[in-house]
Structures are given as C-alpha cells and as structure tokens.
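Asks: What follows is a structure written as structure tokens; I'll ask about it next.
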Amino acid sequence: MENERREQVERIERLKREKNAIILAHNYQRAEIQDIAEFVGDSLELARKAMDTTADLIIFCGVDFMAETAAILNPDKKVVIPDKGAICPMAQQLFADDLLAAKRKNPDAKVVLYVNTLAECKALADCVCTSANAQEIVNAMDSSTVLFGPDRNLAYHAQKTTSKIIIPVPEHGLCPSHHQIVMTDLLKAKKAHPRAKIIVHPECIPEVQDHADYIASTSGMVKICNEKGAGDEFLIGTEIGLLHRLKKEAPEKKFYPISTTAVCPQMKMHTLEKVEAALKNEKPEVVVPDEIMDKARKAIERMLEISH
Ligand code: 13P
Ligand code: SF4
C-alpha cells in the first residue's frame with residue numbers, strides 16, 4: 001500500500017511538471033492532499049496565490065466558490081476542481097433573487113458578501129470579504145448600513161468592530177460544519193485542558209465566539225498558534241482538517257479539536273485518485289459565465305485592494 005501511494009504521488013509530481021501545473025489546497029483538505037500541494041491556505045491566501053502563479057493549470061482542492069474565485073481572477077488560466085461535487089452548502093443559502101429583494105428594501109445599503117457565496121451573487125455585491133478581513137471590509141464601505149451574507153455568524157463577528165448597521169441576508173445563513181461546535185463541547189474541552197487557549201473560526205455561533213481567546217481565519221489560527229509566547233496548548237474550533245497543518249507546523253505543541261464532528265464532507269471529496277485524474281484529463285474545468293465573471297471580478301478585486 002505504501003509503495004502504491006508513493007508511486008501515485010510520483011505520477012502526480014510528474015504530471016505537474018509536464019503540464020506546468022500547481023495544486024492549491026484549502027486548510028481543510030485531507031492530509032495527503034495538503035502534503036502534495038504547492039500551497040495550502042485560507043480563502044484569501046488561495047485567491048492571491050491563484051493570481052500570482054505562472055502555472056498554466058491550477059488544480060484547486062477546495063470547494064466550488066474558492067475554485068470559481070480563482071477562475072474569475074485568472075481568465076487566461078485553466079482551473080480544474082478534482083471533484084465537482086465539492087459544493088459549499090453555505091454558499092447555497094443565498095441566491096441572486098433574494099439578494100436583489102434585500103437590495104430593493106435597503107437601497108442605500110452597500111452589499112458585502114462573504115466569498116463563500118455563488119458567483120451570481122458576487123456579481124451583485126459592492127465588495128467581497130473573507131473570514132480574514134470581514135471587519136476591515138465592512139468598515140471600508142461608505143454607507144451606514146451594510147447588507148451582509150450569507151453567514152450570520154461572520155456578520156456577528158463583523159458587527160463587533162463597527163457602528164454600521166449590518167443586516168444579514170439571508171437572516172439565518174450558516175455553516176453546518178461549524179454549527180457542530182457547541183458550548184457543551186467547548187466547556188468540556190476547557191475543563192479537560194484548562195491551560196489551553198481557545199481559538200475559533202468566525203463561522204462558529206456567537207456564544208462560542210464570545211468564549212474564545214482568539215477569533216481568526218483558518219490561516220490566521222495557524223499564525224496565532226505558531227507565535228512564540230502564544231502558549232503550547234490550544235483548543236481549536238473549526239473543521240478538523242486544520243489539525244493536520246497545525247500539528248505539522250508546530251509538532252511540539254498540543255492541539256485539541258473542540259468538536260470532532262466538525263467535518264466538512266464537501267472539503268473531503270478530493271482524493272489523490274481524483275487529483276491524478278484531474279491532472280491527466282484537465283477536467284472538470286471550472287467555468288463561470290462571462291457576464292457574471294466580469295461583475296464578480298470587480299467585487300473580488302475591490303476586496304484585494306482594500307485588504308492587505
Ligand atoms: P477560511 O477563509 O478562514 O479558510 O474559511 C473558509 C471556510 O470555508 C471556512 O469554513
Ligand atoms: Fe462551506 Fe462550512 Fe465547508 Fe467552509 S466548512 S466550505 S463554510 S460548508
């Protein structure tokens with residue numbers, strides 16, 4: 001089995017060289033996918049990496065909206081997602097018609113959308129944001145009211161640093177995986193590891209956010225844990241895939257997931273077999289219709305201009 005795996009990884013490496021291809025992987029990917037990627041990161045970093053690369057082919061191991069963002073920012077590169085079924089359920093909670101209705105009700109509001117949203121919605125937004133910069137982006141809008149979607153928990157996080165009125169659209173958008181992380185788990189984990197720092201993602205429910213020492217994007221969480229003086233024990237409140245990167249980068253520290261059921265099944269759909277097939281066949285390609293692409297690009301580029 002080990003030999004088979006090694007041979008498979010060698011075939012993947014050879015295909016990458018032959019095709020001038022790179023693998024970009026989100027922090028929640030399976031360990032074996034993270035280990036063969038040129039870059040592993042959060043949504044913001046992956047968008048930036050996709051723009052910076054000179055590769056002709058990007059194999060994107062993440063969910064649909066991330067691969068679409070890479071495609072929108074790189075109309076001249078081929079972006080391929082190993083399993084087309086990797087569809088983020090949160091992004092499916094807001095559709096263009098609902099957003100248009102909210103805009104009609106609040107004509108003076110600016111629209112900030114979490115990057116975890118459909119391209120058709122991004123095309124209607126003033127600006128996109130990620131979990132790494134939601135507070136900064138909301139504050140940069142020149143309106144006193146902001147329509148924000150689809151994650152109500154990220155809206156709660158953004159509201160903490162602004163006097164603007166944030167209206168969540170839809171009212172109850174959420175990530176099913178982060179909703180697995182509940183207060184009873186957090187209190188139990190804290191009791192078992194009283195010295196551990198609590199670090200959570202802003203997709204967690206408000207109560208969990210309020211009990212955390214730090215709230216950050218997935219790569220932000222890694223950065224905090226790697227800092228000297230941050231401590232050597234951490235309770236991690238996000239999808240469990242992040243644990244692989246945390247343990248790899250700081251093997252001397254201890255990381256405990258607050259909830260082991262916080263798994264994003266869509267993120268786990270990519271496998272080495274599917275990556276090899278995607279490299280070989282250059283399919284399935286991520287295609288965004290032209291009329292949506294140009295408008296959505298404006299909202300994403302606005303974010304990249306504002307956020308450093
Ligand atoms: P990050 O941008 O923090 O990696 O978050 C993406 C995501 O989908 C979290 O569920
Ligand atoms: Fe979407 Fe949640 Fe999965 Fe992130 S963890 S990709 S928000 S379902």
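Chain labels follow the order of the structure tokens: the first chain is A, the next B, and so on; residue numbering restarts at 1 in every chain, and ligands are counted from 1 in their shown order.
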Please identify which residues in region 16-155 of chain A DSSP calls strand (DSSP E or B) from the backbone, and express them as number ranges by chain.
Replies: A: 21-26, 39-41, 57-61, 78-80, 110-114, 127-129, 145-149
Asks: Quick one: write out the picked residues with C-alpha atoms as a compact mmCIF listing (two decimals), in the first residue's frame?
Replies:
```
# COMPACT_ATOMS: atom_id res chain seq x y z
CA ALA A 21 0.54 22.78 -13.10
CA ILE A 22 0.22 23.57 -9.40
CA ILE A 23 -2.04 22.27 -6.68
CA LEU A 24 -3.69 24.79 -4.41
CA ALA A 25 -5.32 23.28 -1.33
CA HIS A 26 -7.51 24.69 1.39
CA PHE A 39 0.38 25.89 -1.37
CA VAL A 40 -2.06 25.31 1.49
CA GLY A 41 -4.01 28.27 2.84
CA LEU A 57 -3.03 24.79 -14.93
CA ILE A 58 -4.37 25.17 -11.39
CA ILE A 59 -5.72 22.06 -9.68
CA PHE A 60 -7.89 23.56 -6.99
CA CYS A 61 -8.56 21.37 -3.97
CA LYS A 78 -7.24 26.73 -16.65
CA VAL A 79 -8.72 25.98 -13.22
CA VAL A 80 -9.73 22.38 -12.56
CA LYS A 110 -23.73 48.65 0.45
CA VAL A 111 -23.52 44.90 -0.15
CA VAL A 112 -20.63 42.94 1.35
CA LEU A 113 -20.67 39.22 0.62
CA TYR A 114 -18.61 36.51 2.19
CA CYS A 127 -17.32 44.06 -2.25
CA VAL A 128 -16.46 40.53 -1.26
CA CYS A 129 -14.78 39.59 2.02
CA THR A 145 -25.96 50.21 6.51
CA VAL A 146 -24.42 47.07 5.07
CA LEU A 147 -26.22 44.04 3.69
CA PHE A 148 -24.04 41.09 4.64
CA GLY A 149 -24.41 37.45 3.66
```
Asks: Show me which residues are within 6 Å of ligand 2 counting only C-alpha atoms and all ligand atoms, and format the list as a count of residues only.
Replies: 8
Asks: Please give me, as a list of chain:residue names, the residues lying within 6 Å of ligand 1 when counting only C-alpha atoms and all ligand atoms.
Replies: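 Using only C-alpha atoms and all ligand atoms, I find these residues within 6 Å of ligand 1: A:Asp42, A:Ser43, A:Leu44, A:Thr130, A:Ser131, A:Ser217, A:Thr218.
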Asks: Put those residues in a file: C-alpha atoms, as a PDB file, in the first residue's frame.
Replies:
```
ATOM      1  CA  ASP A  42      -7.227  30.088   3.666  1.00  0.00           C
ATOM      2  CA  SER A  43      -9.631  31.567   1.105  1.00  0.00           C
ATOM      3  CA  LEU A  44      -7.885  34.924   0.905  1.00  0.00           C
ATOM      4  CA  THR A 130     -13.266  36.520   3.657  1.00  0.00           C
ATOM      5  CA  SER A 131     -13.102  35.454   7.278  1.00  0.00           C
ATOM      6  CA  SER A 217      -9.497  32.729   9.634  1.00  0.00           C
ATOM      7  CA  THR A 218      -8.038  29.243   9.232  1.00  0.00           C
TER       8      THR A 218
END
```
Asks: If we count only C-alpha atoms, what is near Glu233 (chain A) at a cut-off of 12 Å, once residues fewer than 4 positions away on the same chain are taken out, given as a list in words?
Replies: Ala189, Lys190, Ala192, His193, Pro194, Arg195, Ala196, Lys197, Ile198, Ile199, Ile224, Cys225, Asn226, Gly229, Leu246, Lys247, Ala250, Pro251, Glu252, Lys253, Lys254, Phe255, Tyr256 and Pro257 of chain A
Asks: For Gly173 (chain A), which residue among A:Glu276, A:Asp35, A:Glu203, A:Glu4 is the nearest when counting only C-alpha atoms?
Replies: A:Glu203
Asks: Can you list, as number ranges by chain, every residue of region 42-279 of chain A that DSSP puts in helix (DSSP H, G or I)?
Replies: A: 43-52, 64-73, 91-93, 96-105, 119-122, 134-140, 152-159, 178-180, 183-192, 206-210, 218-226, 242-249, 267-269, 272-279
Asks: For region 74-76 of chain A, please output as an mmCIF file with N, CA, C and O atoms, in the first residue's frame all residues within 12 Å (counting only C-alpha atoms; exclusion window: fewer than 4 positions along the same chain).
Replies:
```cif
data_model
loop_
_atom_site.group_PDB
_atom_site.id
_atom_site.type_symbol
_atom_site.label_atom_id
_atom_site.label_comp_id
_atom_site.auth_asym_id
_atom_site.auth_seq_id
_atom_site.Cartn_x
_atom_site.Cartn_y
_atom_site.Cartn_z
ATOM 1 N N ALA A 47 -6.842 32.845 -3.059
ATOM 2 C CA ALA A 47 -7.197 33.777 -4.149
ATOM 3 C C ALA A 47 -5.942 34.523 -4.609
ATOM 4 O O ALA A 47 -5.691 34.667 -5.807
ATOM 5 N N ARG A 48 -5.151 34.973 -3.649
ATOM 6 C CA ARG A 48 -3.924 35.708 -4.001
ATOM 7 C C ARG A 48 -2.934 34.792 -4.722
ATOM 8 O O ARG A 48 -2.319 35.187 -5.708
ATOM 9 N N LYS A 49 -2.764 33.588 -4.237
ATOM 10 C CA LYS A 49 -1.828 32.629 -4.849
ATOM 11 C C LYS A 49 -2.227 32.340 -6.289
ATOM 12 O O LYS A 49 -1.396 32.259 -7.183
ATOM 13 N N ALA A 50 -3.541 32.152 -6.493
ATOM 14 C CA ALA A 50 -4.025 31.847 -7.843
ATOM 15 C C ALA A 50 -3.656 32.979 -8.800
ATOM 16 O O ALA A 50 -3.364 32.747 -9.973
ATOM 17 N N MET A 51 -3.652 34.208 -8.299
ATOM 18 C CA MET A 51 -3.299 35.354 -9.150
ATOM 19 C C MET A 51 -1.810 35.427 -9.403
ATOM 20 O O MET A 51 -1.365 35.854 -10.460
ATOM 21 N N ASP A 52 -1.014 35.057 -8.410
ATOM 22 C CA ASP A 52 0.444 35.217 -8.502
ATOM 23 C C ASP A 52 1.130 34.143 -9.338
ATOM 24 O O ASP A 52 2.221 34.331 -9.829
ATOM 25 N N THR A 53 0.490 32.988 -9.457
ATOM 26 C CA THR A 53 1.200 31.861 -10.065
ATOM 27 C C THR A 53 1.425 32.047 -11.569
ATOM 28 O O THR A 53 0.618 32.680 -12.257
ATOM 29 N N THR A 54 2.535 31.478 -12.061
ATOM 30 C CA THR A 54 2.794 31.491 -13.505
ATOM 31 C C THR A 54 2.404 30.139 -14.115
ATOM 32 O O THR A 54 2.657 29.885 -15.291
ATOM 33 N N ALA A 55 1.798 29.279 -13.311
ATOM 34 C CA ALA A 55 1.372 27.967 -13.818
ATOM 35 C C ALA A 55 0.269 28.148 -14.864
ATOM 36 O O ALA A 55 -0.492 29.111 -14.819
ATOM 37 N N ASP A 56 0.186 27.198 -15.812
ATOM 38 C CA ASP A 56 -0.879 27.250 -16.819
ATOM 39 C C ASP A 56 -2.132 26.547 -16.315
ATOM 40 O O ASP A 56 -3.238 26.833 -16.755
ATOM 41 N N LEU A 57 -1.916 25.613 -15.418
ATOM 42 C CA LEU A 57 -3.033 24.789 -14.934
ATOM 43 C C LEU A 57 -3.047 24.827 -13.402
ATOM 44 O O LEU A 57 -2.026 24.565 -12.764
ATOM 45 N N ILE A 58 -4.224 25.159 -12.858
ATOM 46 C CA ILE A 58 -4.370 25.167 -11.391
ATOM 47 C C ILE A 58 -5.327 24.031 -11.009
ATOM 48 O O ILE A 58 -6.485 24.010 -11.454
ATOM 49 N N ALA A 67 -12.717 27.703 -5.984
ATOM 50 C CA ALA A 67 -12.216 27.420 -7.328
ATOM 51 C C ALA A 67 -12.767 28.453 -8.318
ATOM 52 O O ALA A 67 -12.048 28.914 -9.209
ATOM 53 N N GLU A 68 -14.025 28.844 -8.117
ATOM 54 C CA GLU A 68 -14.616 29.870 -9.001
ATOM 55 C C GLU A 68 -13.893 31.193 -8.844
ATOM 56 O O GLU A 68 -13.647 31.893 -9.817
ATOM 57 N N THR A 69 -13.556 31.535 -7.599
ATOM 58 C CA THR A 69 -12.836 32.794 -7.364
ATOM 59 C C THR A 69 -11.500 32.771 -8.100
ATOM 60 O O THR A 69 -11.113 33.758 -8.741
ATOM 61 N N ALA A 70 -10.808 31.633 -8.036
ATOM 62 C CA ALA A 70 -9.526 31.501 -8.754
ATOM 63 C C ALA A 70 -9.754 31.661 -10.251
ATOM 64 O O ALA A 70 -8.979 32.345 -10.937
ATOM 65 N N VAL A 286 -13.378 24.559 -14.226
ATOM 66 C CA VAL A 286 -14.299 25.488 -13.554
ATOM 67 C C VAL A 286 -14.592 26.626 -14.537
ATOM 68 O O VAL A 286 -13.682 27.341 -14.961
ATOM 69 N N VAL A 287 -15.854 26.744 -14.912
ATOM 70 C CA VAL A 287 -16.225 27.761 -15.910
ATOM 71 C C VAL A 287 -17.292 28.673 -15.303
ATOM 72 O O VAL A 287 -18.296 28.196 -14.765
ATOM 73 N N VAL A 288 -17.058 29.974 -15.397
ATOM 74 C CA VAL A 288 -18.042 30.942 -14.900
ATOM 75 C C VAL A 288 -18.510 31.744 -16.122
ATOM 76 O O VAL A 288 -17.667 32.229 -16.895
ATOM 77 N N PRO A 289 -19.825 31.888 -16.311
ATOM 78 C CA PRO A 289 -20.308 32.625 -17.485
ATOM 79 C C PRO A 289 -19.716 34.048 -17.546
ATOM 80 O O PRO A 289 -19.588 34.710 -16.515
ATOM 81 N N ASP A 290 -19.366 34.493 -18.781
ATOM 82 C CA ASP A 290 -18.679 35.786 -18.971
ATOM 83 C C ASP A 290 -19.366 36.961 -18.285
ATOM 84 O O ASP A 290 -18.715 37.780 -17.640
ATOM 85 N N MET A 293 -18.830 36.749 -14.657
ATOM 86 C CA MET A 293 -17.391 36.781 -14.377
ATOM 87 C C MET A 293 -16.867 38.213 -14.210
ATOM 88 O O MET A 293 -16.188 38.532 -13.241
ATOM 89 N N ASP A 294 -17.206 39.085 -15.170
ATOM 90 C CA ASP A 294 -16.647 40.446 -15.141
ATOM 91 C C ASP A 294 -17.150 41.234 -13.931
ATOM 92 O O ASP A 294 -16.390 41.931 -13.270
ATOM 93 N N ARG A 297 -15.681 39.769 -10.699
ATOM 94 C CA ARG A 297 -14.258 40.103 -10.553
ATOM 95 C C ARG A 297 -14.085 41.474 -9.879
ATOM 96 O O ARG A 297 -13.220 41.661 -9.042
ATOM 97 N N ILE A 300 -14.431 41.171 -6.168
ATOM 98 C CA ILE A 300 -13.286 40.463 -5.552
ATOM 99 C C ILE A 300 -12.055 41.374 -5.572
ATOM 100 O O ILE A 300 -11.315 41.470 -4.590
ATOM 101 N N GLU A 301 -11.861 42.062 -6.691
ATOM 102 C CA GLU A 301 -10.684 42.958 -6.781
ATOM 103 C C GLU A 301 -10.780 44.110 -5.782
ATOM 104 O O GLU A 301 -9.787 44.560 -5.240
#
```
Asks: Choose the residue, out of A:Glu13, A:Glu207, A:Glu38, A:Glu249, that has the smallest atom-to-atom separation from Leu279 (chain A); count only C-alpha atoms.
Replies: A:Glu13
